[in-house]
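Undergrad: Contents of entry_12.cif (mmCIF, C-alpha atoms) are below:
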```
data_final
loop_
_atom_site.group_PDB
_atom_site.id
_atom_site.type_symbol
_atom_site.label_atom_id
_atom_site.label_comp_id
_atom_site.auth_asym_id
_atom_site.auth_seq_id
_atom_site.Cartn_x
_atom_site.Cartn_y
_atom_site.Cartn_z
ATOM 1 C CA MET A 1 32.621 -42.555 8.132
ATOM 2 C CA ASN A 2 32.257 -44.043 11.621
ATOM 3 C CA VAL A 3 29.204 -43.671 13.852
ATOM 4 C CA LYS A 4 30.756 -40.902 15.962
ATOM 5 C CA SER A 5 31.480 -38.787 12.883
ATOM 6 C CA ARG A 6 27.992 -39.358 11.584
ATOM 7 C CA ILE A 7 26.482 -38.231 14.884
ATOM 8 C CA PHE A 8 28.610 -35.078 14.831
ATOM 9 C CA LEU A 9 27.488 -34.440 11.265
ATOM 10 C CA LEU A 10 23.860 -34.839 12.264
ATOM 11 C CA GLY A 11 24.309 -32.507 15.242
ATOM 12 C CA GLY A 12 26.069 -29.948 13.053
ATOM 13 C CA TRP A 13 23.250 -29.893 10.540
ATOM 14 C CA VAL A 14 20.647 -29.473 13.267
ATOM 15 C CA LEU A 15 22.641 -26.671 14.922
ATOM 16 C CA ILE A 16 23.083 -24.794 11.643
ATOM 17 C CA TRP A 17 19.387 -24.937 10.841
ATOM 18 C CA LEU A 18 18.368 -23.953 14.354
ATOM 19 C CA LEU A 19 20.669 -20.925 14.209
ATOM 20 C CA GLY A 20 19.238 -20.041 10.819
ATOM 21 C CA PHE A 21 15.711 -20.399 12.140
ATOM 22 C CA PHE A 22 16.509 -18.154 15.124
ATOM 23 C CA GLY A 23 18.151 -15.524 12.916
ATOM 24 C CA PHE A 24 15.229 -15.533 10.507
ATOM 25 C CA ASN A 25 12.736 -15.008 13.326
ATOM 26 C CA GLN A 26 14.790 -12.155 14.764
ATOM 27 C CA TYR A 27 14.908 -10.462 11.369
ATOM 28 C CA GLN A 28 11.164 -10.780 10.810
ATOM 29 C CA THR A 29 10.374 -9.565 14.328
ATOM 30 C CA SER A 30 12.583 -6.522 13.804
ATOM 31 C CA ARG A 31 10.809 -5.664 10.550
ATOM 32 C CA VAL A 32 7.369 -5.990 12.124
ATOM 33 C CA TYR A 33 8.377 -3.821 15.085
ATOM 34 C CA LYS A 34 9.873 -1.158 12.840
ATOM 35 C CA GLU A 35 6.784 -0.897 10.648
ATOM 36 C CA ALA A 36 4.247 -0.985 13.469
ATOM 37 C CA ASN A 37 6.247 1.435 15.612
ATOM 38 C CA TYR A 38 6.283 4.157 12.935
ATOM 39 C CA ALA A 39 2.758 5.313 13.805
ATOM 40 C CA LEU A 40 3.878 6.144 17.335
ATOM 41 C CA SER A 41 7.465 7.267 16.748
ATOM 42 C CA ASN A 42 6.916 9.511 13.715
ATOM 43 C CA SER A 43 3.382 9.842 12.409
ATOM 44 C CA LEU A 44 1.735 10.921 15.666
ATOM 45 C CA PRO A 45 4.408 13.517 16.603
ATOM 46 C CA SER A 46 4.195 14.919 13.063
ATOM 47 C CA VAL A 47 0.446 15.452 13.389
ATOM 48 C CA VAL A 48 0.869 17.063 16.817
ATOM 49 C CA VAL A 49 3.460 19.534 15.491
ATOM 50 C CA LEU A 50 1.359 20.474 12.454
ATOM 51 C CA ASP A 51 -1.731 20.967 14.622
ATOM 52 C CA ALA A 52 0.211 23.226 16.984
ATOM 53 C CA ALA A 53 1.540 25.261 14.057
ATOM 54 C CA LEU A 54 -1.923 25.652 12.515
ATOM 55 C CA LEU A 55 -3.381 26.728 15.856
ATOM 56 C CA GLU A 56 -0.705 29.412 16.180
ATOM 57 C CA ILE A 57 -1.339 30.533 12.590
ATOM 58 C CA THR A 58 -5.017 30.989 13.452
ATOM 59 C CA LYS A 59 -3.983 33.060 16.458
ATOM 60 C CA LEU A 60 -1.735 35.175 14.225
ATOM 61 C CA GLN A 61 -4.591 35.821 11.809
ATOM 62 C CA LEU A 62 -6.816 36.966 14.672
ATOM 63 C CA ILE A 63 -4.154 39.422 15.853
ATOM 64 C CA VAL A 64 -3.948 40.935 12.368
ATOM 65 C CA CYS A 65 -7.740 41.170 12.126
ATOM 66 C CA GLN A 66 -7.948 42.864 15.514
ATOM 67 C CA ARG A 67 -5.358 45.391 14.430
ATOM 68 C CA VAL A 68 -7.330 46.202 11.273
ATOM 69 C CA ALA A 69 -10.434 46.760 13.389
ATOM 70 C CA GLN A 70 -8.592 49.380 15.437
ATOM 71 C CA SER A 71 -8.122 52.967 14.331
ATOM 72 C CA GLY A 72 -4.964 55.064 14.422
ATOM 73 C CA SER A 73 -1.379 54.020 14.981
ATOM 74 C CA GLY A 74 -1.697 53.653 18.723
ATOM 75 C CA GLY A 75 -0.762 50.258 20.071
ATOM 76 C CA MET A 76 1.043 49.289 16.874
ATOM 77 C CA SER A 77 4.226 48.371 18.746
ATOM 78 C CA VAL A 78 2.274 46.016 21.006
ATOM 79 C CA VAL A 79 0.584 44.387 18.014
ATOM 80 C CA MET A 80 3.883 43.947 16.181
ATOM 81 C CA SER A 81 5.395 42.401 19.298
ATOM 82 C CA MET A 82 2.531 39.903 19.475
ATOM 83 C CA ILE A 83 2.872 39.134 15.770
ATOM 84 C CA THR A 84 6.617 38.596 16.074
ATOM 85 C CA GLU A 85 6.126 36.284 19.041
ATOM 86 C CA SER A 86 3.451 34.292 17.232
ATOM 87 C CA ARG A 87 5.495 34.062 14.039
ATOM 88 C CA THR A 88 8.522 32.869 16.007
ATOM 89 C CA LYS A 89 6.446 30.082 17.524
ATOM 90 C CA ILE A 90 5.250 29.013 14.074
ATOM 91 C CA ASP A 91 8.819 28.876 12.769
ATOM 92 C CA GLY A 92 9.769 26.877 15.851
ATOM 93 C CA TYR A 93 7.067 24.304 15.188
ATOM 94 C CA LEU A 94 8.104 23.918 11.562
ATOM 95 C CA ASN A 95 11.744 23.568 12.607
ATOM 96 C CA ASP A 96 10.648 20.840 15.021
ATOM 97 C CA TYR A 97 9.005 19.105 12.086
ATOM 98 C CA GLU A 98 12.202 18.953 10.012
ATOM 99 C CA PRO A 99 13.641 15.851 11.776
ATOM 100 C CA LEU A 100 10.282 14.109 11.336
ATOM 101 C CA VAL A 101 10.265 14.377 7.531
ATOM 102 C CA PHE A 102 9.681 10.843 6.251
ATOM 103 C CA ASN A 103 10.218 11.038 2.490
ATOM 104 C CA GLU A 104 10.365 13.406 -0.486
ATOM 105 C CA GLU A 105 6.591 13.822 -0.599
ATOM 106 C CA ASP A 106 6.609 14.818 3.048
ATOM 107 C CA ARG A 107 9.355 17.367 2.352
ATOM 108 C CA ARG A 108 7.432 18.744 -0.624
ATOM 109 C CA LEU A 109 4.366 19.266 1.550
ATOM 110 C CA LEU A 110 6.499 21.038 4.145
ATOM 111 C CA GLN A 111 7.871 23.369 1.473
ATOM 112 C CA GLU A 112 4.307 24.176 0.431
ATOM 113 C CA ASP A 113 3.568 25.088 4.047
ATOM 114 C CA TYR A 114 6.549 27.443 4.100
ATOM 115 C CA GLN A 115 5.585 29.039 0.780
ATOM 116 C CA ALA A 116 1.999 29.637 1.889
ATOM 117 C CA LEU A 117 3.241 31.280 5.085
ATOM 118 C CA ALA A 118 5.628 33.491 3.133
ATOM 119 C CA GLU A 119 2.739 34.632 0.937
ATOM 120 C CA TYR A 120 0.675 35.369 4.032
ATOM 121 C CA ASP A 121 3.537 37.327 5.602
ATOM 122 C CA ASP A 122 3.774 39.508 2.506
ATOM 123 C CA MET A 123 0.038 40.175 2.436
ATOM 124 C CA SER A 124 -0.355 40.782 6.174
ATOM 125 C CA GLY A 125 2.621 43.144 6.109
ATOM 126 C CA LYS A 126 0.834 45.321 3.559
ATOM 127 C CA VAL A 127 -2.387 45.167 5.573
ATOM 128 C CA LEU A 128 -0.625 46.257 8.750
ATOM 129 C CA ALA A 129 1.160 49.075 6.932
ATOM 130 C CA LEU A 130 -2.176 50.454 5.704
ATOM 131 C CA SER A 131 -3.659 50.071 9.156
ATOM 132 C CA ASN A 132 -0.733 51.936 10.691
ATOM 133 C CA GLU A 133 -1.356 54.786 8.233
ATOM 134 C CA ASN A 134 -4.928 54.944 9.525
ATOM 135 C CA LYS A 135 -6.258 53.533 6.241
ATOM 136 C CA SER A 136 -8.481 50.982 7.911
ATOM 137 C CA ASP A 137 -10.916 50.669 5.015
ATOM 138 C CA GLN A 138 -8.151 49.879 2.540
ATOM 139 C CA ALA A 139 -6.537 47.485 4.993
ATOM 140 C CA TYR A 140 -9.840 45.686 5.494
ATOM 141 C CA LYS A 141 -10.497 45.437 1.750
ATOM 142 C CA LEU A 142 -7.001 44.082 1.126
ATOM 143 C CA LEU A 143 -7.436 41.512 3.882
ATOM 144 C CA MET A 144 -10.846 40.393 2.619
ATOM 145 C CA SER A 145 -9.681 40.199 -0.995
ATOM 146 C CA ASN A 146 -6.953 37.773 0.040
ATOM 147 C CA GLN A 147 -9.055 35.216 1.864
ATOM 148 C CA ARG A 148 -7.706 32.741 -0.673
ATOM 149 C CA ILE A 149 -4.335 32.898 1.076
ATOM 150 C CA LEU A 150 -5.877 32.187 4.468
ATOM 151 C CA ASN A 151 -7.918 29.299 3.093
ATOM 152 C CA GLU A 152 -4.902 27.899 1.276
ATOM 153 C CA ILE A 153 -2.807 27.836 4.447
ATOM 154 C CA GLU A 154 -5.489 25.909 6.294
ATOM 155 C CA SER A 155 -6.002 23.564 3.353
ATOM 156 C CA LEU A 156 -2.276 22.833 2.960
ATOM 157 C CA PHE A 157 -1.726 22.137 6.635
ATOM 158 C CA HIS A 158 -4.740 19.814 6.738
ATOM 159 C CA LYS A 159 -3.452 18.085 3.617
ATOM 160 C CA HIS A 160 -0.059 17.617 5.261
ATOM 161 C CA ARG A 161 -1.742 16.378 8.424
ATOM 162 C CA ASP A 162 -3.816 13.823 6.485
ATOM 163 C CA PHE A 163 -0.660 12.646 4.728
ATOM 164 C CA ASN A 164 0.894 11.725 8.077
ATOM 165 C CA ILE A 165 -2.272 10.078 9.372
ATOM 166 C CA ASN A 166 -2.555 7.921 6.245
ATOM 167 C CA LEU A 167 1.152 7.115 6.429
ATOM 168 C CA GLY A 168 0.748 5.950 10.008
ATOM 169 C CA LYS A 169 -2.258 3.800 9.112
ATOM 170 C CA LYS A 170 -0.410 2.222 6.195
ATOM 171 C CA SER A 171 2.603 1.557 8.391
ATOM 172 C CA ALA A 172 0.440 -0.189 10.984
ATOM 173 C CA GLU A 173 -1.315 -2.241 8.294
ATOM 174 C CA ASP A 174 2.045 -3.228 6.783
ATOM 175 C CA GLY A 175 3.198 -4.291 10.230
ATOM 176 C CA VAL A 176 0.196 -6.601 10.652
ATOM 177 C CA SER A 177 0.736 -8.035 7.171
ATOM 178 C CA MET A 178 4.422 -8.667 7.885
ATOM 179 C CA LYS A 179 3.538 -10.317 11.189
ATOM 180 C CA ASN A 180 1.153 -12.718 9.454
ATOM 181 C CA ASN A 181 3.681 -13.480 6.712
ATOM 182 C CA ALA A 182 6.412 -13.986 9.291
ATOM 183 C CA ALA A 183 4.240 -16.456 11.204
ATOM 184 C CA LEU A 184 3.585 -18.479 8.042
ATOM 185 C CA LEU A 185 7.240 -18.472 7.013
ATOM 186 C CA SER A 186 8.254 -19.461 10.531
ATOM 187 C CA LEU A 187 6.038 -22.529 10.294
ATOM 188 C CA LEU A 188 7.582 -23.442 6.950
ATOM 189 C CA VAL A 189 11.112 -22.991 8.261
ATOM 190 C CA ALA A 190 10.255 -25.000 11.372
ATOM 191 C CA ALA A 191 8.966 -27.807 9.155
ATOM 192 C CA VAL A 192 12.227 -27.756 7.208
ATOM 193 C CA VAL A 193 14.260 -27.765 10.437
ATOM 194 C CA LEU A 194 12.367 -30.811 11.681
ATOM 195 C CA THR A 195 12.713 -32.584 8.344
ATOM 196 C CA ILE A 196 16.454 -32.054 7.902
ATOM 197 C CA PRO A 197 17.547 -34.385 10.752
ATOM 198 C CA VAL A 198 15.382 -37.167 9.331
ATOM 199 C CA VAL A 199 16.937 -36.713 5.901
ATOM 200 C CA VAL A 200 20.422 -36.607 7.399
ATOM 201 C CA VAL A 201 19.776 -39.799 9.360
ATOM 202 C CA VAL A 202 18.540 -41.582 6.243
ATOM 203 C CA LEU A 203 21.548 -40.432 4.225
ATOM 204 C CA THR A 204 24.046 -41.013 7.017
ATOM 205 C CA PHE A 205 22.738 -44.382 8.121
ATOM 206 C CA PRO A 206 21.456 -46.034 4.953
ATOM 207 C CA GLY A 207 19.622 -49.248 5.475
ATOM 208 C CA THR A 208 18.627 -48.437 9.083
#
```
Do you think you could lay out the structure here as structure tokens?

TA:
Amino acid sequence: MNVKSRIFLLGGWVLIWLLGFFGFNQYQTSRVYKEANYALSNSLPSVVVLDAALLEITKLQLIVCQRVAQSGSGGMSVVMSMITESRTKIDGYLNDYEPLVFNEEDRRLLQEDYQALAEYDDMSGKVLALSNENKSDQAYKLLMSNQRILNEIESLFHKHRDFNINLGKKSAEDGVSMKNNAALLSLLVAAVVLTIPVVVVVLTFPGT
């Protein structure tokens, strides 16, 4: 092998390793960005949606309580209109959450939210029916005896909210860890890249 061929061989080796080094860094950077960006692109919007839904649920509960405190069937149509509007908003928030579902655990928690709301709808429907029949005492007793349902809704939504907060924190921590690992590996790869030409020179030009 003549000198020109040896030089081309040396240049080829250096080019290959430099391209590999560049590709490796791009891959690691992409992973770090993806992990660290989750907290902003998914976790935070998820918490915002759940908070908005829970706030509207609280509003819905107040409307039902106000209706129970009233007497007679007067104003029932207005109350039902307010309840329908509030319930529609809640469904809208939960529909907005669907694209944000991260994994199976997240989906399971969302299903629990839906189930708790369905149980509340059934109970509040009975309460409103009694109230509309001017049976305020019975409506009040039924509402008070089912505080468990109200507490469960709040508990489940807070649990779901905490899940997203913890997921965002873990994602950010994983991003930092990946960044540190990527920096260390980059140094190792750089050391290899710098060593390869020396090895190639020694092997290509023995005795020099």

Undergrad: Please provide the set of residues having any atom within 7 Å of segment 41-57 of chain A, restricted to all atoms listed in the file, with same-chain residues fewer than 5 positions apart removed, written as a list of chain:residue names.

TA: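 Returned residues: A:Ser86, A:Ile90, A:Tyr93, A:Tyr97, A:Leu100, A:Phe157, A:Arg161, A:Asn164, A:Ile165, A:Leu167, A:Gly168.
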
Undergrad: Work out how far apart atom CA of Asn146 of chain A and atom CA of Asn95 of chain A are and give it in Å to one decimal.

TA: 26.6 Å

Undergrad: Which of these, A:Ala139, A:Leu150, A:Met144, A:Val64, has the shortest distance to Ser81 of chain A once you count all atoms listed in the file?

TA: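 Closest residue, counting all atoms listed in the file: A:Val64.
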
Undergrad: Using all atoms listed in the file, find the one residue out of A:Glu133, A:Asp106, A:Glu152, A:Asp121 that sits nearest to Leu60 of chain A.

TA: A:Asp121

Undergrad: Which of these, A:Ser155, A:Arg148, A:Leu142, A:Asn103, has the shortest distance to Gly125 of chain A once you count only C-alpha atoms?

TA: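 When distances to Gly125 of chain A are compared using only C-alpha atoms, the smallest one comes from A:Leu142.
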
Undergrad: Report, in Å with one decimal, the straight-line distance from atom CA of Leu143 of chain A to atom CA of Val68 of chain A.

TA: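 One can read the atom CA of Leu143 of chain A to atom CA of Val68 of chain A distance as 8.8 Å.
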
Undergrad: For Gln66 of chain A, which residue among A:Ile153, A:Leu94, A:Val79, A:Met123 is the nearest when counting all atoms listed in the file?

TA: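 Of A:Ile153, A:Leu94, A:Val79, A:Met123, the one nearest Gln66 of chain A is A:Val79, counting all atoms listed in the file.
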
Undergrad: Quick one, how far is atom CA of Lys126 of chain A from atom CA of Arg108 of chain A?

TA: 27.7 Å

Undergrad: Just checking: using only C-alpha atoms, which residue out of A:Gln111, A:Asn166, A:Thr88, A:Ser124 ends up closest to Leu62 of chain A?

TA: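 Smallest separation from Leu62 of chain A among the options: A:Ser124.
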
Undergrad: From the list A:Gln115, A:Asn151, A:Gln70, A:Thr84, which residue is nearest Leu130 of chain A when using all atoms listed in the file?

TA: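 Of A:Gln115, A:Asn151, A:Gln70, A:Thr84, the one nearest Leu130 of chain A is A:Gln70, counting all atoms listed in the file.
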
Undergrad: For the file shown, what are the residues hit by the PyMOL selection byres ((chain A and resi 136) around 9), laid out as a VMD selection string?

TA: chain A and resid 68 to 72 127 130 to 135 137 to 141
